[in-house]
$ cat entry28.csv   # CSV, N, CA and C atoms
chain,number,residue,atom,x,y,z
A,1,MET,N,-7.7,-19.4,-4.7
A,1,MET,CA,-7.4,-18.5,-3.7
A,1,MET,C,-7.0,-17.1,-4.4
A,2,THR,N,-7.5,-16.1,-3.8
A,2,THR,CA,-7.3,-14.8,-4.4
A,2,THR,C,-6.0,-14.2,-3.8
A,3,ALA,N,-5.1,-13.7,-4.7
A,3,ALA,CA,-3.9,-13.1,-4.3
A,3,ALA,C,-4.1,-11.8,-3.6
A,4,THR,N,-3.4,-11.5,-2.5
A,4,THR,CA,-3.5,-10.3,-1.8
A,4,THR,C,-2.2,-9.5,-1.9
A,5,HIS,N,-2.2,-8.3,-1.7
A,5,HIS,CA,-1.1,-7.4,-1.7
A,5,HIS,C,-0.7,-7.2,-0.2
A,6,PRO,N,0.6,-7.1,0.1
A,6,PRO,CA,1.0,-6.8,1.5
A,6,PRO,C,0.4,-5.6,2.1
A,7,LEU,N,0.0,-4.6,1.3
A,7,LEU,CA,-0.7,-3.4,1.8
A,7,LEU,C,-2.0,-3.7,2.4
A,8,HIS,N,-2.6,-4.9,2.0
A,8,HIS,CA,-3.9,-5.3,2.6
A,8,HIS,C,-3.7,-5.5,4.1
A,9,GLN,N,-2.6,-6.1,4.5
A,9,GLN,CA,-2.4,-6.3,5.9
A,9,GLN,C,-2.2,-5.0,6.6
A,10,VAL,N,-1.5,-4.0,6.0
A,10,VAL,CA,-1.3,-2.7,6.6
A,10,VAL,C,-2.7,-2.1,6.8
A,11,LEU,N,-3.6,-2.2,5.8
A,11,LEU,CA,-4.9,-1.7,5.9
A,11,LEU,C,-5.7,-2.3,7.1
A,12,GLN,N,-5.5,-3.7,7.2
A,12,GLN,CA,-6.2,-4.4,8.3
A,12,GLN,C,-5.8,-3.8,9.6
A,13,HIS,N,-4.5,-3.6,9.8
A,13,HIS,CA,-4.0,-3.0,11.0
A,13,HIS,C,-4.5,-1.6,11.2
A,14,LEU,N,-4.6,-0.8,10.2
A,14,LEU,CA,-5.1,0.6,10.2
A,14,LEU,C,-6.5,0.6,10.7
A,15,HIS,N,-7.4,-0.3,10.1
A,15,HIS,CA,-8.8,-0.3,10.5
A,15,HIS,C,-9.0,-0.8,11.9
A,16,ALA,N,-8.1,-1.7,12.4
A,16,ALA,CA,-8.2,-2.2,13.7
A,16,ALA,C,-7.6,-1.3,14.8
A,17,GLY,N,-7.0,-0.1,14.3
A,17,GLY,CA,-6.4,0.8,15.2
A,17,GLY,C,-5.0,0.4,15.7
A,18,ARG,N,-4.4,-0.5,15.0
A,18,ARG,CA,-3.0,-0.9,15.3
A,18,ARG,C,-2.1,-0.1,14.4
A,19,TRP,N,-1.9,1.2,14.8
A,19,TRP,CA,-1.2,2.1,13.9
A,19,TRP,C,0.3,1.8,13.9
A,20,ASN,N,0.9,1.4,15.1
A,20,ASN,CA,2.3,1.0,15.1
A,20,ASN,C,2.6,-0.2,14.2
A,21,ALA,N,1.7,-1.2,14.3
A,21,ALA,CA,1.9,-2.4,13.4
A,21,ALA,C,1.8,-2.0,11.9
A,22,ALA,N,0.8,-1.2,11.6
A,22,ALA,CA,0.6,-0.7,10.2
A,22,ALA,C,1.9,0.1,9.8
A,23,HIS,N,2.4,1.0,10.6
A,23,HIS,CA,3.5,1.8,10.3
A,23,HIS,C,4.7,0.9,10.1
A,24,ASP,N,4.9,-0.1,10.9
A,24,ASP,CA,6.1,-1.0,10.8
A,24,ASP,C,6.1,-1.7,9.5
A,25,LEU,N,4.9,-2.2,9.1
A,25,LEU,CA,4.8,-3.0,7.8
A,25,LEU,C,4.9,-2.1,6.6
A,26,VAL,N,4.3,-0.9,6.6
A,26,VAL,CA,4.3,-0.1,5.4
A,26,VAL,C,5.7,0.4,5.0
A,27,GLN,N,6.6,0.5,6.0
A,27,GLN,CA,8.0,0.9,5.7
A,27,GLN,C,8.8,-0.1,4.9
A,28,HIS,N,8.3,-1.3,4.7
A,28,HIS,CA,9.0,-2.3,4.0
A,28,HIS,C,8.6,-2.4,2.5
A,29,ASP,N,7.7,-1.5,2.1
A,29,ASP,CA,7.2,-1.5,0.7
A,29,ASP,C,7.6,-0.1,0.1
A,30,GLY,N,8.3,-0.2,-1.0
A,30,GLY,CA,8.8,1.1,-1.7
A,30,GLY,C,7.9,1.6,-2.8
A,31,SER,N,6.7,1.0,-2.9
A,31,SER,CA,5.8,1.4,-4.0
A,31,SER,C,5.1,2.8,-3.7
A,32,MET,N,4.6,3.4,-4.8
A,32,MET,CA,3.9,4.6,-4.7
A,32,MET,C,2.6,4.5,-3.8
A,33,LEU,N,1.9,3.3,-3.9
A,33,LEU,CA,0.8,3.1,-3.1
A,33,LEU,C,1.2,3.0,-1.6
A,34,ALA,N,2.3,2.4,-1.3
A,34,ALA,CA,2.8,2.4,0.1
A,34,ALA,C,3.1,3.7,0.6
A,35,ALA,N,3.7,4.6,-0.2
A,35,ALA,CA,4.1,5.9,0.2
A,35,ALA,C,2.8,6.7,0.5
A,36,TRP,N,1.7,6.5,-0.3
A,36,TRP,CA,0.5,7.2,-0.1
A,36,TRP,C,-0.1,6.7,1.2
A,37,LEU,N,-0.1,5.3,1.4
A,37,LEU,CA,-0.7,4.8,2.7
A,37,LEU,C,0.2,5.2,3.9
A,38,HIS,N,1.5,5.3,3.7
A,38,HIS,CA,2.3,5.8,4.8
A,38,HIS,C,1.9,7.2,5.2
A,39,GLY,N,1.6,8.1,4.2
A,39,GLY,CA,1.1,9.4,4.4
A,39,GLY,C,-0.2,9.4,5.1
A,40,ILE,N,-1.1,8.5,4.8
A,40,ILE,CA,-2.4,8.4,5.4
A,40,ILE,C,-2.2,8.0,6.9
A,41,LEU,N,-1.3,7.1,7.2
A,41,LEU,CA,-1.0,6.8,8.6
A,41,LEU,C,-0.5,8.0,9.4
A,42,HIS,N,0.3,8.8,8.8
A,42,HIS,CA,0.8,10.0,9.5
A,42,HIS,C,-0.4,11.0,9.6
A,43,LEU,N,-1.3,11.1,8.7
A,43,LEU,CA,-2.4,11.9,8.8
A,43,LEU,C,-3.3,11.5,10.0
A,44,GLN,N,-3.5,10.2,10.1
A,44,GLN,CA,-4.3,9.7,11.2
A,44,GLN,C,-3.6,10.0,12.6
A,45,GLU,N,-2.3,10.0,12.6
A,45,GLU,CA,-1.6,10.3,13.8
A,45,GLU,C,-1.6,11.8,14.1
A,46,GLY,N,-2.0,12.6,13.1
A,46,GLY,CA,-1.9,14.1,13.3
A,46,GLY,C,-0.5,14.7,13.0
A,47,ASP,N,0.3,13.9,12.4
A,47,ASP,CA,1.7,14.3,12.0
A,47,ASP,C,1.6,14.8,10.5
A,48,LEU,N,1.2,16.1,10.4
A,48,LEU,CA,0.9,16.6,9.1
A,48,LEU,C,2.2,16.8,8.3
A,49,GLU,N,3.3,17.2,8.9
A,49,GLU,CA,4.6,17.4,8.2
A,49,GLU,C,5.1,16.1,7.6
A,50,ASP,N,5.1,15.0,8.3
A,50,ASP,CA,5.5,13.7,7.7
A,50,ASP,C,4.5,13.2,6.7
A,51,ALA,N,3.2,13.5,7.0
A,51,ALA,CA,2.2,13.1,6.0
A,51,ALA,C,2.4,13.8,4.7
A,52,GLU,N,2.7,15.1,4.7
A,52,GLU,CA,2.9,15.8,3.5
A,52,GLU,C,4.2,15.2,2.7
A,53,ASN,N,5.2,14.9,3.5
A,53,ASN,CA,6.4,14.3,2.9
A,53,ASN,C,6.1,13.0,2.2
A,54,TRP,N,5.3,12.2,2.8
A,54,TRP,CA,4.9,10.9,2.2
A,54,TRP,C,4.0,11.1,1.0
A,55,TYR,N,3.1,12.0,1.1
A,55,TYR,CA,2.2,12.3,-0.1
A,55,TYR,C,3.1,12.8,-1.2
A,56,ASP,N,4.1,13.6,-1.0
A,56,ASP,CA,5.0,14.1,-2.0
A,56,ASP,C,5.7,12.9,-2.7
A,57,ARG,N,6.1,11.9,-1.9
A,57,ARG,CA,6.8,10.7,-2.4
A,57,ARG,C,5.9,9.9,-3.2
A,58,ALA,N,4.6,10.0,-2.9
A,58,ALA,CA,3.6,9.2,-3.7
A,58,ALA,C,3.1,10.0,-4.9
A,59,ALA,N,3.6,11.2,-5.1
A,59,ALA,CA,3.1,12.1,-6.2
A,59,ALA,C,1.7,12.4,-6.0
A,60,ARG,N,1.2,12.6,-4.8
A,60,ARG,CA,-0.2,13.0,-4.4
A,60,ARG,C,-0.2,14.4,-4.0
A,61,HIS,N,-1.3,15.1,-4.2
A,61,HIS,CA,-1.4,16.5,-3.8
A,61,HIS,C,-1.9,16.6,-2.4
A,62,PHE,N,-1.1,16.9,-1.5
A,62,PHE,CA,-1.4,16.8,0.0
A,62,PHE,C,-2.5,17.9,0.3
A,63,ARG,N,-2.3,19.1,-0.2
A,63,ARG,CA,-3.2,20.1,0.2
A,63,ARG,C,-4.6,20.0,-0.4
A,64,SER,N,-4.8,19.2,-1.4
A,64,SER,CA,-6.1,19.0,-2.0
A,64,SER,C,-6.7,17.6,-1.7
A,65,ARG,N,-6.1,17.0,-0.7
A,65,ARG,CA,-6.6,15.6,-0.3
A,65,ARG,C,-8.0,15.7,0.2
A,66,GLY,N,-8.6,14.5,0.3
A,66,GLY,CA,-9.9,14.4,0.9
A,66,GLY,C,-9.8,14.2,2.4
A,67,THR,N,-10.9,13.9,3.0
A,67,THR,CA,-10.9,13.6,4.5
A,67,THR,C,-10.2,12.3,4.7
A,68,LEU,N,-9.9,11.9,5.9
A,68,LEU,CA,-9.2,10.7,6.2
A,68,LEU,C,-9.9,9.5,5.6
A,69,ALA,N,-11.2,9.5,5.8
A,69,ALA,CA,-12.1,8.4,5.3
A,69,ALA,C,-12.0,8.3,3.8
A,70,GLU,N,-12.1,9.5,3.2
A,70,GLU,CA,-12.1,9.5,1.7
A,70,GLU,C,-10.7,9.0,1.2
A,71,GLU,N,-9.6,9.4,1.9
A,71,GLU,CA,-8.3,9.0,1.4
A,71,GLU,C,-8.1,7.5,1.6
A,72,ILE,N,-8.6,6.9,2.7
A,72,ILE,CA,-8.5,5.5,2.8
A,72,ILE,C,-9.3,4.8,1.8
A,73,ALA,N,-10.6,5.2,1.5
A,73,ALA,CA,-11.4,4.6,0.5
A,73,ALA,C,-10.8,4.7,-0.9
A,74,ALA,N,-10.2,5.9,-1.2
A,74,ALA,CA,-9.5,6.1,-2.5
A,74,ALA,C,-8.3,5.2,-2.6
A,75,LEU,N,-7.5,5.0,-1.6
A,75,LEU,CA,-6.4,4.1,-1.6
A,75,LEU,C,-6.8,2.7,-1.8
A,76,GLU,N,-7.9,2.3,-1.1
A,76,GLU,CA,-8.4,0.9,-1.2
A,76,GLU,C,-8.8,0.6,-2.6
A,77,ALA,N,-9.5,1.6,-3.3
A,77,ALA,CA,-9.9,1.5,-4.7
A,77,ALA,C,-8.7,1.4,-5.6
A,78,ALA,N,-7.7,2.2,-5.3
A,78,ALA,CA,-6.5,2.2,-6.2
A,78,ALA,C,-5.8,0.9,-6.0
A,79,LEU,N,-5.7,0.3,-4.8
A,79,LEU,CA,-5.1,-1.0,-4.6
A,79,LEU,C,-5.9,-2.1,-5.3
A,80,ALA,N,-7.2,-2.0,-5.2
A,80,ALA,CA,-8.0,-3.0,-5.9
A,80,ALA,C,-7.8,-3.0,-7.4
A,81,ALA,N,-7.7,-1.8,-8.0
A,81,ALA,CA,-7.4,-1.6,-9.4
A,81,ALA,C,-6.1,-2.1,-9.8
A,82,HIS,N,-5.1,-1.9,-8.9
A,82,HIS,CA,-3.7,-2.3,-9.1
A,82,HIS,C,-3.7,-3.9,-9.2
A,83,MET,N,-4.4,-4.5,-8.2
A,83,MET,CA,-4.5,-6.0,-8.2
A,83,MET,C,-5.2,-6.5,-9.4
A,84,ALA,N,-6.2,-5.9,-9.8
A,84,ALA,CA,-7.0,-6.3,-11.0
A,84,ALA,C,-6.1,-6.2,-12.3
A,85,GLN,N,-5.3,-5.2,-12.4
A,85,GLN,CA,-4.4,-5.0,-13.5
A,85,GLN,C,-3.3,-6.0,-13.5
A,86,ARG,N,-2.8,-6.3,-12.4
A,86,ARG,CA,-1.8,-7.4,-12.2
A,86,ARG,C,-2.3,-8.7,-12.6
A,87,ALA,N,-3.6,-9.0,-12.2
A,87,ALA,CA,-4.2,-10.3,-12.6
A,87,ALA,C,-4.4,-10.4,-14.1
A,88,GLN,N,-4.8,-9.3,-14.7
A,88,GLN,CA,-5.0,-9.4,-16.2
A,88,GLN,C,-3.7,-9.5,-16.9
A,89,ALA,N,-2.6,-9.0,-16.3
A,89,ALA,CA,-1.3,-9.0,-17.0
A,89,ALA,C,-0.6,-10.3,-16.9
A,90,ALA,N,-1.0,-11.2,-15.9
A,90,ALA,CA,-0.3,-12.4,-15.7
A,90,ALA,C,-0.6,-13.4,-16.8
A,91,PRO,N,0.4,-14.1,-17.3
A,91,PRO,CA,0.2,-15.1,-18.3
A,91,PRO,C,-0.8,-16.2,-17.9
A,92,PRO,N,-1.5,-16.8,-18.8
A,92,PRO,CA,-2.5,-17.8,-18.5
A,92,PRO,C,-1.8,-19.0,-17.7
A,93,GLY,N,-2.4,-19.4,-16.6
A,93,GLY,CA,-1.9,-20.5,-15.9
A,93,GLY,C,-0.8,-20.1,-14.9
A,94,ALA,N,-0.3,-18.9,-14.9
A,94,ALA,CA,0.7,-18.4,-14.0
A,94,ALA,C,0.1,-18.0,-12.7
A,95,PRO,N,0.7,-18.4,-11.6
A,95,PRO,CA,0.1,-18.0,-10.3
A,95,PRO,C,0.2,-16.5,-10.2
A,96,ALA,N,-0.8,-15.8,-9.6
A,96,ALA,CA,-0.8,-14.4,-9.4
A,96,ALA,C,0.1,-14.0,-8.2
A,97,ALA,N,1.2,-13.3,-8.5
A,97,ALA,CA,2.1,-12.9,-7.5
A,97,ALA,C,1.6,-11.6,-6.8
A,98,SER,N,1.8,-11.5,-5.5
A,98,SER,CA,1.3,-10.3,-4.8
A,98,SER,C,2.4,-9.2,-5.0
A,99,THR,N,3.6,-9.6,-4.9
A,99,THR,CA,4.7,-8.6,-5.1
A,99,THR,C,5.9,-9.3,-5.7
A,100,PRO,N,6.8,-8.5,-6.3
A,100,PRO,CA,8.0,-9.2,-6.8
A,100,PRO,C,8.8,-9.9,-5.6
A,101,PRO,N,9.5,-11.0,-5.9
A,101,PRO,CA,10.2,-11.6,-4.8
A,101,PRO,C,11.4,-10.8,-4.3
A,102,ASP,N,11.7,-11.0,-3.1
A,102,ASP,CA,12.9,-10.3,-2.5
A,102,ASP,C,14.1,-11.0,-3.1
A,103,SER,N,15.3,-10.4,-3.1
A,103,SER,CA,16.5,-11.0,-3.7
A,103,SER,C,16.8,-12.2,-2.9
A,104,GLU,N,16.5,-12.3,-1.7
A,104,GLU,CA,16.8,-13.6,-0.9
A,104,GLU,C,15.9,-14.7,-1.5
A,105,ASP,N,14.6,-14.4,-1.8
A,105,ASP,CA,13.7,-15.4,-2.3
A,105,ASP,C,14.2,-15.9,-3.7
A,106,SER,N,14.8,-15.1,-4.5
A,106,SER,CA,15.2,-15.4,-5.9
A,106,SER,C,16.2,-16.6,-5.9
A,107,GLU,N,16.9,-16.8,-4.8
A,107,GLU,CA,17.9,-17.9,-4.8
A,107,GLU,C,17.1,-19.3,-4.7
A,108,GLU,N,15.9,-19.2,-4.1
A,108,GLU,CA,15.2,-20.5,-4.0
A,108,GLU,C,14.4,-20.9,-5.2
A,109,ARG,N,14.3,-20.0,-6.2
A,109,ARG,CA,13.5,-20.3,-7.4
A,109,ARG,C,14.3,-21.1,-8.3
A,110,PRO,N,13.7,-22.0,-9.1
A,110,PRO,CA,14.4,-22.8,-10.1
A,110,PRO,C,15.0,-22.0,-11.2
$ encode --input "entry28.csv" --output "structure tokens"
Amino acid sequence: MTATHPLHQVLQHLHAGRWNAAHDLVQHDGSMLAAWLHGILHLQEGDLEDAENWYDRAARHFRSRGTLAEEIAALEAALAAHMAQRAQAAPPGAPAASTPPDSEDSEERP
């Protein structure tokens, strides 16, 4: 089974036009990729001020961004590269984790 990243679910909602669900999910991820995706969601909504804020948080250049479709494609490519890098960095035989566990989950680990 291929490991997925929680942002894949956000992208599924985005592609299906479920912007509220996508926005609700992306807010729970503090990564740079999530900040970029959060900015893309605000772009799609036409909220350029918030989009620029999230692009800044993602260390992305808002004013030199591509079209919405180009930004989504670039984010998907960056997420795929991130997942490939994580898979290569995992020790042999270790399950590929999609994200670090929450502090609540760490209590359940041996």
$ closest_residue --input "entry28.csv" --among "A:Ala74, A:Ala81, A:Leu68, A:Leu41" --to "Asn20 of chain A" --atoms "only C-alpha atoms"
A:Leu41
$ residues_around --input "entry28.csv" --residues "Asp56 of chain A" --least-positions-apart "2" --cutoff "12 Å" --atoms "only C-alpha atoms" --output "list in words"
Met32, Leu33, Ala35, Trp36, Leu37, His38, Gly39, Ile40, Glu49, Asp50, Ala51, Glu52, Asn53, Trp54, Ala58, Ala59, Arg60, His61, Phe62, Arg63 and Arg65 of chain A
$ atom_distance --input "entry28.csv" --atom1 "atom C of Ala80 of chain A" --atom2 "atom C of His13 of chain A"
18.9 Å
$ atom_distance --input "entry28.csv" --atom1 "atom CA of Ala22 of chain A" --atom2 "atom CA of Ala87 of chain A"
25.2 Å
$ select_by_dssp --input "entry28.csv" --residues "segment 2-97 of chain A" --states "helix (DSSP H, G or I)" --output "ChimeraX atom specification"
/A:6-15,19-26,32-45,48-57,62-64,68-89
